[in-house]
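Colleague: This is the structure I want to talk about, given as structure tokens.
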Amino acid sequence: MIIRVGLIGAGVMGSDHARILSTAVSGVELIAVSDPDAGRIGKIVETCKAARAFADPLDLIRDRSVDAVLVASPDQTHGALVLACLDIEKPVLCEKPLAPSIEECLKVIDKEKALGRRLVMVGYMRRFDPGYVEMKRRLDEGELGAALVMHCIHRNVVAPSFMTASMLITNSAVHEIDIARFVLGREVRRVTVMTPRKTGLSTMQDPQIVLLEMDDGVVVDAEIFVNAQYGYDVRAELVCEKGTIALTPPHDVTVKHSAKEGLAFPSDWRPRFALAYRAELQAWVEAVRSGVPTGASAWDGYVATAVADAGLKSLASGQQTEVKLEPRPALYG
Ligand code: ISE
């Protein structure tokens with residue numbers, strides 16, 4: 001059975017997902033695309049010949065030939081589009097965040113609870129990155145003892161013009177929040193955002209240090225620096241009682257040239273997490289086919305937004321901020 005996917009959003013992530021779906025994922029066909037910009041749709045249709053253009057994303061969602069929907073539109077549109085999919089019980093993979101507001105995330109959870117099944121997967125793709133998966137496996141194996149501290153680094157080359165100081169938390173740090181929960185298997189109890197000296201190459205508060213205190217006392221420190229200039233660089237080291245587990249950045253080659261030896265950095269997250277995106281999309285297609293959900297759930301999406309919200313309060317107040325979560329519904333295990 002081929003899963004026929006409709007894509008909403010033909011920007012940076014939408015077009016990358018279209019490329020991966022049509023070249024590297026099996027059992028799937030991209031048959032519909034919606035975006036306010038007809039030129040962007042045109043570029044996707046050039047390579048994905050079967051894709052029909054939809055001016056209105058709601059028409060795409062309701063189209064009977066679309067089996068499942070991939071939402072990659074701007075963050076503030078996510079919640080409403082996911083709810084529209086749930087209204088007609090259509091599976092949906094939504095790029096992170098599930099929604100920027102806690103209220104909208106809770107509406108999605110209520111809707112899934114009422115349906116009694118999980119149809120939403122949130123695109124926290126690092127859960128499919130071989131490095132983080134191995135980090136979690138080694139921790140769970142127990143040989144290194146208990147986790148104590150997790151050090152994370154998240155650097156982008158240059159922030160896009162629409163990026164704000166708050167978005168360092170809601171758009172970038174959410175990945176660290178989600179992956180810390182995934183690797184450690186614990187919830188975040190408190191968040192503190194520290195604001196070091198700002199780079200002179202941006203007007204906003206960049207970098208920021210996001211400190212997460214997990215409910216078992218593990219502390220996660222994440223440096224978020226979105227104008228780091230030199231390359232896209234994501235690192236993590238988990239310090240345990242008897243050793244450490246660190247990600248090895250995926251470099252294919254070392255180049256020796258002009259009296260130097262070096263490793264290249266990717267320019268953004270797409271090449272760095274290429275394997276993760278591909279595995280995530282393949283896993284989603286299998287989940288749609290089998291009806292057995294995988295990846296980050298709507299609950300995980302809600303928690304990441306709730307922790308980010310506490311982070312925003314800490315950024316504004318300079319104080320450590322408590323994370324308050326709703327009780328976890330049975331649907332989410
Ligand atoms: C972007 O939206 C992403 O999701 C990337 O993975 C992240 O590294 C980047 O900071 C975000 O802006």
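Here, A, B, ... name the chains of the structure tokens in the order displayed, residue numbers run from 1 inside each chain, and ligands are numbered from 1 in the same displayed order.
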As a PyMOL selection string, please: every residue in region 121-278 of chain A that a backbone DSSP assignment puts in strand (DSSP E or B).
Modeller: chain A and resi 121-123+147-155+188-194+208-214+219-225+233-240+243-246+255-257+260-262
Colleague: Can you work out which residues are within 9 Å of ligand 1, considering only C-alpha atoms and all ligand atoms, and then hand them over as JSON, numbers by chain?
Modeller: {"A": [13, 95, 96, 97, 124, 125, 126, 154, 155, 156, 159, 160, 163, 167, 168, 170, 171, 172, 173, 174, 175, 224, 225, 226, 232, 233, 234, 268, 269, 270, 273]}
Colleague: Those same residues, written as a CSV table (one decimal), in the first residue's frame with N, CA, C and O atoms?
Modeller:
chain,number,residue,atom,x,y,z
A,13,MET,N,12.1,23.8,4.9
A,13,MET,CA,11.8,22.4,5.4
A,13,MET,C,10.9,21.7,4.5
A,13,MET,O,11.1,20.5,4.2
A,95,GLU,N,5.9,19.6,11.6
A,95,GLU,CA,7.2,20.1,12.0
A,95,GLU,C,7.2,20.7,13.4
A,95,GLU,O,6.1,21.2,13.8
A,96,LYS,N,8.3,20.7,14.1
A,96,LYS,CA,8.3,21.4,15.4
A,96,LYS,C,8.2,22.9,15.2
A,96,LYS,O,8.6,23.4,14.2
A,97,PRO,N,7.6,23.6,16.2
A,97,PRO,CA,6.9,23.1,17.4
A,97,PRO,C,5.5,22.6,17.0
A,97,PRO,O,5.0,23.1,15.9
A,124,TYR,N,10.3,16.2,15.8
A,124,TYR,CA,11.6,16.3,16.5
A,124,TYR,C,12.5,15.2,16.0
A,124,TYR,O,12.6,14.2,16.6
A,125,MET,N,13.2,15.6,14.9
A,125,MET,CA,13.9,14.5,14.1
A,125,MET,C,15.1,14.0,14.8
A,125,MET,O,15.6,12.9,14.5
A,126,ARG,N,15.6,14.7,15.8
A,126,ARG,CA,16.8,14.2,16.5
A,126,ARG,C,16.6,12.8,17.1
A,126,ARG,O,17.5,12.1,17.3
A,154,HIS,N,24.5,24.2,20.5
A,154,HIS,CA,23.6,24.3,19.3
A,154,HIS,C,23.9,25.7,18.6
A,154,HIS,O,23.5,26.7,19.1
A,155,ARG,N,24.7,25.6,17.6
A,155,ARG,CA,25.2,26.8,16.9
A,155,ARG,C,24.7,26.8,15.4
A,155,ARG,O,25.0,25.8,14.8
A,156,ASN,N,24.1,27.9,15.0
A,156,ASN,CA,23.8,28.1,13.6
A,156,ASN,C,24.8,29.1,13.0
A,156,ASN,O,25.4,29.9,13.8
A,159,ALA,N,21.4,33.8,11.9
A,159,ALA,CA,20.0,33.7,12.1
A,159,ALA,C,19.3,34.3,10.9
A,159,ALA,O,19.7,35.4,10.4
A,160,PRO,N,18.1,33.8,10.5
A,160,PRO,CA,17.3,34.5,9.5
A,160,PRO,C,16.8,35.8,10.1
A,160,PRO,O,16.7,36.0,11.3
A,163,MET,N,14.2,36.0,13.0
A,163,MET,CA,14.5,35.4,14.3
A,163,MET,C,14.6,36.4,15.4
A,163,MET,O,15.1,37.5,15.2
A,167,MET,N,12.8,33.4,20.0
A,167,MET,CA,12.9,32.3,19.1
A,167,MET,C,14.1,31.4,19.3
A,167,MET,O,14.2,30.2,18.9
A,168,LEU,N,15.2,32.0,19.9
A,168,LEU,CA,16.3,31.1,20.3
A,168,LEU,C,15.8,30.0,21.2
A,168,LEU,O,16.3,28.8,21.1
A,170,THR,N,12.1,29.2,21.5
A,170,THR,CA,11.0,28.4,20.9
A,170,THR,C,11.3,27.7,19.6
A,170,THR,O,10.6,26.8,19.3
A,171,ASN,N,12.3,28.2,18.9
A,171,ASN,CA,12.6,27.6,17.6
A,171,ASN,C,13.9,26.7,17.6
A,171,ASN,O,13.9,25.7,16.9
A,172,SER,N,14.8,27.1,18.5
A,172,SER,CA,16.1,26.3,18.5
A,172,SER,C,16.2,25.5,19.7
A,172,SER,O,16.4,24.2,19.6
A,173,ALA,N,16.1,26.1,20.9
A,173,ALA,CA,16.3,25.3,22.1
A,173,ALA,C,15.3,24.2,22.3
A,173,ALA,O,15.6,23.2,23.0
A,174,VAL,N,14.1,24.3,21.7
A,174,VAL,CA,13.1,23.2,21.8
A,174,VAL,C,13.7,21.9,21.4
A,174,VAL,O,13.3,20.8,21.9
A,175,HIS,N,14.7,21.9,20.4
A,175,HIS,CA,15.3,20.6,20.1
A,175,HIS,C,16.1,20.0,21.3
A,175,HIS,O,16.1,18.8,21.5
A,224,ILE,N,22.9,28.1,23.2
A,224,ILE,CA,22.2,28.3,21.9
A,224,ILE,C,22.8,29.6,21.3
A,224,ILE,O,22.7,30.7,21.9
A,225,PHE,N,23.4,29.5,20.2
A,225,PHE,CA,24.1,30.6,19.6
A,225,PHE,C,23.8,30.6,18.0
A,225,PHE,O,24.4,29.7,17.3
A,226,VAL,N,22.9,31.5,17.6
A,226,VAL,CA,22.4,31.3,16.2
A,226,VAL,C,23.1,32.2,15.2
A,226,VAL,O,22.7,32.2,14.0
A,232,TYR,N,27.4,25.1,11.0
A,232,TYR,CA,26.3,24.5,11.9
A,232,TYR,C,26.9,23.5,12.7
A,232,TYR,O,27.5,22.5,12.2
A,233,ASP,N,26.8,23.6,14.0
A,233,ASP,CA,27.6,22.8,15.0
A,233,ASP,C,26.6,22.4,16.1
A,233,ASP,O,26.2,23.2,16.9
A,234,VAL,N,26.3,21.1,16.2
A,234,VAL,CA,25.5,20.6,17.3
A,234,VAL,C,26.3,19.5,18.0
A,234,VAL,O,26.8,18.6,17.4
A,268,ASP,N,23.9,24.2,7.5
A,268,ASP,CA,22.7,24.2,8.3
A,268,ASP,C,22.3,22.8,8.7
A,268,ASP,O,23.1,21.9,8.5
A,269,TRP,N,21.1,22.7,9.3
A,269,TRP,CA,20.7,21.4,9.9
A,269,TRP,C,20.4,20.3,8.9
A,269,TRP,O,20.3,19.2,9.3
A,270,ARG,N,20.1,20.7,7.7
A,270,ARG,CA,19.6,19.7,6.7
A,270,ARG,C,20.7,18.7,6.4
A,270,ARG,O,20.4,17.5,6.6
A,273,PHE,N,21.6,16.7,9.8
A,273,PHE,CA,20.6,15.7,10.3
A,273,PHE,C,19.9,14.9,9.1
A,273,PHE,O,18.8,14.5,9.2
Colleague: What does the distance between CA of Arg190 (chain A) and CA of His78 (chain A) come to in Å, to one decimal place?
Modeller: 26.3 Å
Colleague: Calculate how many Å separate CA of Thr195 (chain A) from CA of Gly318 (chain A), rounding to one decimal.
Modeller: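 Computing the Euclidean distance for CA of Thr195 (chain A) and CA of Gly318 (chain A) yields 8.4 Å.
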Colleague: From the set A:Ala308, A:Val149, A:Met1, A:Ile44, which residue has the shortest atom-to-atom contact distance to Ile245 (chain A), counting only C-alpha atoms?
Modeller: A:Val149
Colleague: As a ChimeraX atom specification, please: all residues of region 61-190 of chain A that backbone DSSP puts in helix (DSSP H, G or I).
Modeller: /A:61-62,75-87,102-115,125-128,130-141,165-184
Colleague: Go through A:Glu29, A:Ser65, A:Ala146, A:Thr203 and flag the residue nearest Ser161 (chain A), using only C-alpha atoms for the distances.
Modeller: A:Thr203
Colleague: Can you list, as a PyMOL selection string, every protein, DNA or RNA residue that comes within 10 Å of Pro329 (chain A) when you count only C-alpha atoms, leaving out same-chain residues fewer than 4 positions away?
Modeller: chain A and resi 109-110+113+299+333
Colleague: Calculated over only C-alpha atoms, which of the candidates A:Ser73, A:Arg278, A:Leu58, A:Ile31 has the smallest distance to Ala10 (chain A)?
Modeller: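 The closest residue to Ala10 (chain A) is A:Ser73.
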Colleague: Could you list, as a ChimeraX atom specification, every residue within 9 Å of Ala18 (chain A), counting only C-alpha atoms and ignoring same-chain residues fewer than 2 positions away?
Modeller: /A:7,10,13-16,20-23,30,44,47-48
Colleague: Take the residues from that selection and put them in a file with C-alpha atoms, as an mmCIF file, in the first residue's frame.
Modeller:
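As written to disk, result23.cif reads:
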data_model
loop_
_atom_site.group_PDB
_atom_site.id
_atom_site.type_symbol
_atom_site.label_atom_id
_atom_site.label_comp_id
_atom_site.auth_asym_id
_atom_site.auth_seq_id
_atom_site.Cartn_x
_atom_site.Cartn_y
_atom_site.Cartn_z
ATOM 1 C CA LEU A 7 2.514 18.662 2.003
ATOM 2 C CA ALA A 10 6.998 24.667 0.454
ATOM 3 C CA MET A 13 11.849 22.450 5.359
ATOM 4 C CA GLY A 14 8.853 21.700 3.139
ATOM 5 C CA SER A 15 10.963 21.484 -0.003
ATOM 6 C CA ASP A 16 13.574 19.381 1.787
ATOM 7 C CA ILE A 20 13.515 13.236 0.722
ATOM 8 C CA LEU A 21 10.028 11.740 0.282
ATOM 9 C CA SER A 22 10.438 11.484 -3.472
ATOM 10 C CA THR A 23 14.026 10.205 -3.537
ATOM 11 C CA LEU A 30 3.790 13.054 -2.666
ATOM 12 C CA ILE A 44 8.377 21.122 -5.975
ATOM 13 C CA THR A 47 10.576 17.255 -9.420
ATOM 14 C CA CYS A 48 7.508 15.590 -7.873
#
